[in-house]
Amino acid sequence: MRTRITEMLGIKHPIVQGGMQWVGLAEMASAVSNAGGLGILTGLTQPSPEALQKEIDRCRDMTDQPFAVNLTILPTIKPVPYAEYAQAIVDSGIKIVETAGRNPEPFLPLFKSAGIKVIHKCTSIRHSLKAERIGCDAVSVDGFECAGHPGEDDVTNLILLPLAAKRLQIPFIASGGFGDGRGLAAALAMGADGINMGTRFMVTKEAPIHEDVKHAMVNANELDTALIYRSLSNTARVFRNSVAEQVLDIEARPGATKFEDIQPLVQGTKGKELFEQGDLDRGIWSAGMVVGLIDDIPSCEELVARIVADAEAIISERLTALMQA
Ligand SMILES: Cc1cc2nc3c(=O)[nH]c(=O)nc-3n(C[C@H](O)[C@H](O)[C@H](O)COP(=O)(O)O)c2cc1C
């Protein structure tokens with residue numbers, strides 16, 4: 001399949017692995033890139049800009065295919081030297097960056113002068129149009145289904161994607177709720193140039209997380225995610241475990257929620273330990289509604305090949321037959 005995204009990024013299949021905190025290590029990104037998609041290292045998973053440069057080198061040793069780095073600009077408990085991370089990305093010779101969280105405008109002159117293609121991930125049409133206006137090369141449109149931060153508008157991809165197709169000139173990638181060939185075919189039908197997946201890539205052989213986390217996601221259904229931080233207007237979709245339930249209970253108390261009340265439950269280090277140790281109630285982790293569609297743990301190669309083959313079959317057999325009927 002050739003789309004504006006495969007052409008722009010120099011990849012074989014229109015499938016991108018979104019940045020994932022603690023998961024987007026070289027093992028993950030290189031496996032997706034070797035499978036013909038675009039793997040993405042998560043910048044802030046590395047403790048310093050120097051460590052990120054080392055991780056980029058490690059990923060280069062594991063694949064000769066294009067891969068990207070995600071730079072997520074969100075409010076954090078500890079201040080993050082974003083400019084130094086951005087410089088490390090440029091100095092490492094990376095040619096594709098996924099930005100997310102906030103307007104990437106301050107970083108665009110640096111990235112553009114280095115010939116980097118910038119894909120900004122947004123959860124609304126107004127932010128997608130803004131990204132186009134400020135010079136981003138593409139956007140990932142993250143619908144309400146997605147893992148992580150879906151924003152506060154609660155608009156699903158059935159609405160967002162056709163709107164993006166109508167209003168945007170730059171290529172766009174459908175993100176949130178994708179995990180199979182049906183999803184890819186549907187995204188292309190709605191005008192997208194490819195799909196971005198987080199949750200589905202977590203449940204692969206190469207994802208560098210504990211097997212028990214992967215099995216919990218295989219056993220989960222589409223109701224097993226929760227929207228936390230709604231009361232703080234910083235909504236996050238996470239796996240519905242006992243910690244997510246406790247956060248929801250605190251948020252449901254009368255009066256304004258104080259982040260201090262929640263913070264001990266949701267510390268990033270606990271999420272990292274959860275992924276390392278497989279203790280499913282140690283903290284919280286991002287997961288999308290697409291867990292309801294996941295029932296195996298394939299390699300990235302098997303997964304990408306299956307999604308593409310299934311989408312091609314849907315387009316060339318089922319949809320074509322409907323036209324001939
Ligand atoms: C475990 C996990 C961690 C994530 N961390 C980040 C992150 O640090 N930055 C970011 O921009 N998106 C992050 N995301 C969101 C993904 O990049 C992607 O937008 C999302 O997973 C798409 O929805 P899906 O899970 O339904 O495929 C994360 C997703 C997951 C599952």
# chains A, B, ... in the order shown; residues from 1 in each chain; ligands from 1
>>> residues_around(residues="Leu129 (chain A)", least_positions_apart="2", cutoff="10 Å", atoms="only C-alpha atoms", output="VMD selection string")
chain A and resid 122 124 to 127 131 to 134 136 139 164 167 to 170
>>> residues_near_ligand(ligand="ligand 1", cutoff="9 Å", atoms="only C-alpha atoms and all ligand atoms", output="PyMOL selection string")
chain A and resi 17-24+40+42-45+70-74+98-101+120-122+140-150+174-179+195-202+237-238+285-291
>>> residues_around(residues="Gln87 (chain A)", least_positions_apart="3", cutoff="12 Å", atoms="only C-alpha atoms", output="list in words")
Gly43, Ser48, Pro49, Glu50, Leu52, Gln53, Leu71, Pro81, Tyr82, Ala83, Glu84, Val90, Asp91, Ser92, Gly93, Ile94, Val97, Phe107, Leu108, Pro109, Leu110, Phe111, Ser113, Ala114 and Ile116 of chain A
>>> write_last_selection(atoms="N, CA and C atoms", output="CSV table (one decimal), in the first residue's frame")
chain,number,residue,atom,x,y,z
A,43,GLY,N,11.1,9.7,23.8
A,43,GLY,CA,12.2,10.5,24.2
A,43,GLY,C,12.3,10.6,25.8
A,48,SER,N,17.8,11.2,30.5
A,48,SER,CA,18.6,12.5,30.1
A,48,SER,C,18.7,12.5,28.6
A,49,PRO,N,19.0,13.7,28.0
A,49,PRO,CA,19.2,13.8,26.6
A,49,PRO,C,20.4,12.9,26.2
A,50,GLU,N,21.4,12.8,27.0
A,50,GLU,CA,22.6,11.9,26.6
A,50,GLU,C,22.1,10.5,26.5
A,52,LEU,N,19.2,9.5,25.8
A,52,LEU,CA,18.4,9.3,24.6
A,52,LEU,C,19.3,9.1,23.4
A,53,GLN,N,20.4,9.9,23.3
A,53,GLN,CA,21.3,9.7,22.2
A,53,GLN,C,21.8,8.3,22.1
A,71,LEU,N,8.5,13.3,21.2
A,71,LEU,CA,8.8,14.3,22.3
A,71,LEU,C,7.4,14.7,22.8
A,81,PRO,N,14.0,19.2,30.7
A,81,PRO,CA,14.8,20.1,29.8
A,81,PRO,C,14.4,19.8,28.3
A,82,TYR,N,13.2,20.2,27.9
A,82,TYR,CA,12.8,19.9,26.6
A,82,TYR,C,13.7,20.3,25.4
A,83,ALA,N,14.3,21.5,25.6
A,83,ALA,CA,15.1,22.1,24.5
A,83,ALA,C,16.3,21.2,24.4
A,84,GLU,N,16.8,20.6,25.5
A,84,GLU,CA,18.0,19.8,25.4
A,84,GLU,C,17.7,18.4,24.7
A,90,VAL,N,18.1,16.2,17.2
A,90,VAL,CA,18.8,16.8,16.0
A,90,VAL,C,20.2,16.3,15.9
A,91,ASP,N,20.9,16.3,17.0
A,91,ASP,CA,22.4,15.9,16.9
A,91,ASP,C,22.5,14.5,16.6
A,92,SER,N,21.5,13.7,16.9
A,92,SER,CA,21.6,12.2,16.6
A,92,SER,C,21.3,11.9,15.1
A,93,GLY,N,20.9,13.0,14.4
A,93,GLY,CA,20.6,12.7,13.0
A,93,GLY,C,19.2,12.1,12.7
A,94,ILE,N,18.3,12.2,13.7
A,94,ILE,CA,16.9,11.6,13.5
A,94,ILE,C,16.2,12.5,12.4
A,97,VAL,N,10.1,13.2,13.7
A,97,VAL,CA,9.8,13.4,15.2
A,97,VAL,C,8.3,13.4,15.3
A,107,PHE,N,9.6,24.4,18.9
A,107,PHE,CA,10.7,23.5,18.5
A,107,PHE,C,10.8,23.4,17.0
A,108,LEU,N,9.8,23.9,16.3
A,108,LEU,CA,9.8,23.7,14.8
A,108,LEU,C,11.0,24.3,14.1
A,109,PRO,N,11.4,25.6,14.4
A,109,PRO,CA,12.5,26.1,13.7
A,109,PRO,C,13.8,25.2,13.7
A,110,LEU,N,14.0,24.6,14.9
A,110,LEU,CA,15.2,23.7,15.1
A,110,LEU,C,15.0,22.4,14.3
A,111,PHE,N,13.8,21.8,14.4
A,111,PHE,CA,13.6,20.6,13.7
A,111,PHE,C,13.6,20.8,12.1
A,113,SER,N,15.1,23.2,10.4
A,113,SER,CA,16.4,23.5,9.9
A,113,SER,C,17.2,22.2,9.8
A,114,ALA,N,16.9,21.2,10.5
A,114,ALA,CA,17.6,19.9,10.4
A,114,ALA,C,17.0,19.0,9.4
A,116,ILE,N,14.0,17.7,9.5
A,116,ILE,CA,13.2,16.7,10.2
A,116,ILE,C,11.7,16.8,9.8
>>> select_by_dssp(residues="region 51-192 of chain A", states="strand (DSSP E)", output="list of chain:residue names")
A:Phe67, A:Ala68, A:Val69, A:Asn70, A:Leu71, A:Thr72, A:Ile96, A:Val97, A:Glu98, A:Thr99, A:Ala100, A:Lys117, A:Val118, A:Ile119, A:His120, A:Lys121, A:Cys122, A:Ala138, A:Val139, A:Ser140, A:Val141, A:Asp142, A:Phe172, A:Ile173, A:Ala174, A:Ser175
>>> write_last_selection(atoms="C-alpha atoms", output="compact mmCIF listing (two decimals), in the first residue's frame")
# COMPACT_ATOMS: atom_id res chain seq x y z
CA PHE A 67 12.51 5.19 12.97
CA ALA A 68 11.39 8.30 14.84
CA VAL A 69 11.55 9.85 18.30
CA ASN A 70 8.52 11.06 20.28
CA LEU A 71 8.77 14.28 22.25
CA THR A 72 5.83 14.62 24.64
CA ILE A 96 11.23 12.04 11.88
CA VAL A 97 9.81 13.36 15.15
CA GLU A 98 6.39 12.78 16.72
CA THR A 99 5.40 15.66 19.00
CA ALA A 100 2.46 15.51 21.41
CA LYS A 117 9.60 15.71 9.33
CA VAL A 118 7.33 16.59 12.24
CA ILE A 119 4.17 14.59 12.94
CA HIS A 120 2.11 16.30 15.63
CA LYS A 121 -0.39 14.17 17.54
CA CYS A 122 -3.64 16.04 18.30
CA ALA A 138 1.60 15.57 9.12
CA VAL A 139 -0.70 15.00 12.07
CA SER A 140 -1.84 11.95 13.97
CA VAL A 141 -5.49 12.40 14.88
CA ASP A 142 -6.03 10.72 18.25
CA PHE A 172 -2.91 12.54 8.51
CA ILE A 173 -2.66 9.31 10.46
CA ALA A 174 -5.65 7.77 12.25
CA SER A 175 -4.84 7.03 15.88
>>> atom_distance(atom1="CA of Gln277 (chain A)", atom2="CA of Asn234 (chain A)")
27.4 Å
>>> select_by_dssp(residues="region 6-92 of chain A", states="alpha helix (DSSP H)", output="JSON, numbers by chain")
{"A": [6, 7, 8, 9, 26, 27, 28, 29, 30, 31, 32, 33, 34, 49, 50, 51, 52, 53, 54, 55, 56, 57, 58, 59, 60, 61, 62, 82, 83, 84, 85, 86, 87, 88, 89, 90, 91]}
>>> atom_distance(atom1="CA of Ile294 (chain A)", atom2="CA of Gly183 (chain A)")
12.6 Å
>>> atom_distance(atom1="CA of Pro264 (chain A)", atom2="CA of Gln46 (chain A)")
21.8 Å
>>> residues_around(residues="Ala305 (chain A)", least_positions_apart="5", cutoff="12 Å", atoms="only C-alpha atoms", output="compact mmCIF listing (two decimals) with C-alpha atoms, in the first residue's frame")
# COMPACT_ATOMS: atom_id res chain seq x y z
CA MET A 1 0.00 0.00 0.00
CA LYS A 12 6.76 0.04 3.48
CA HIS A 13 3.41 -0.14 5.30
CA PRO A 14 1.17 2.73 6.50
CA ILE A 15 1.47 1.66 10.14
CA VAL A 32 8.17 -2.20 14.23
CA ASN A 34 11.99 -4.00 10.77
CA ALA A 35 8.39 -5.11 10.14
CA GLY A 36 8.00 -2.30 7.61
CA GLY A 37 6.15 0.20 9.84
CA ASP A 180 -6.49 -5.00 12.98
CA GLY A 181 -7.01 -5.04 9.23
CA PRO A 298 2.28 -12.00 17.88
CA SER A 299 5.67 -10.69 16.79
CA CYS A 300 5.60 -7.20 15.27
CA ASP A 310 -6.44 -8.41 6.10
CA ALA A 311 -6.96 -4.80 5.01
CA GLU A 312 -5.98 -5.65 1.44
>>> closest_residue(among="A:Leu293, A:Ala185, A:Met62, A:Lys112", to="Ala86 (chain A)", atoms="only C-alpha atoms")
A:Lys112
>>> closest_residue(among="A:Thr123, A:Ile5, A:Ile307, A:Gly135", to="Asn157 (chain A)", atoms="only C-alpha atoms")
A:Thr123
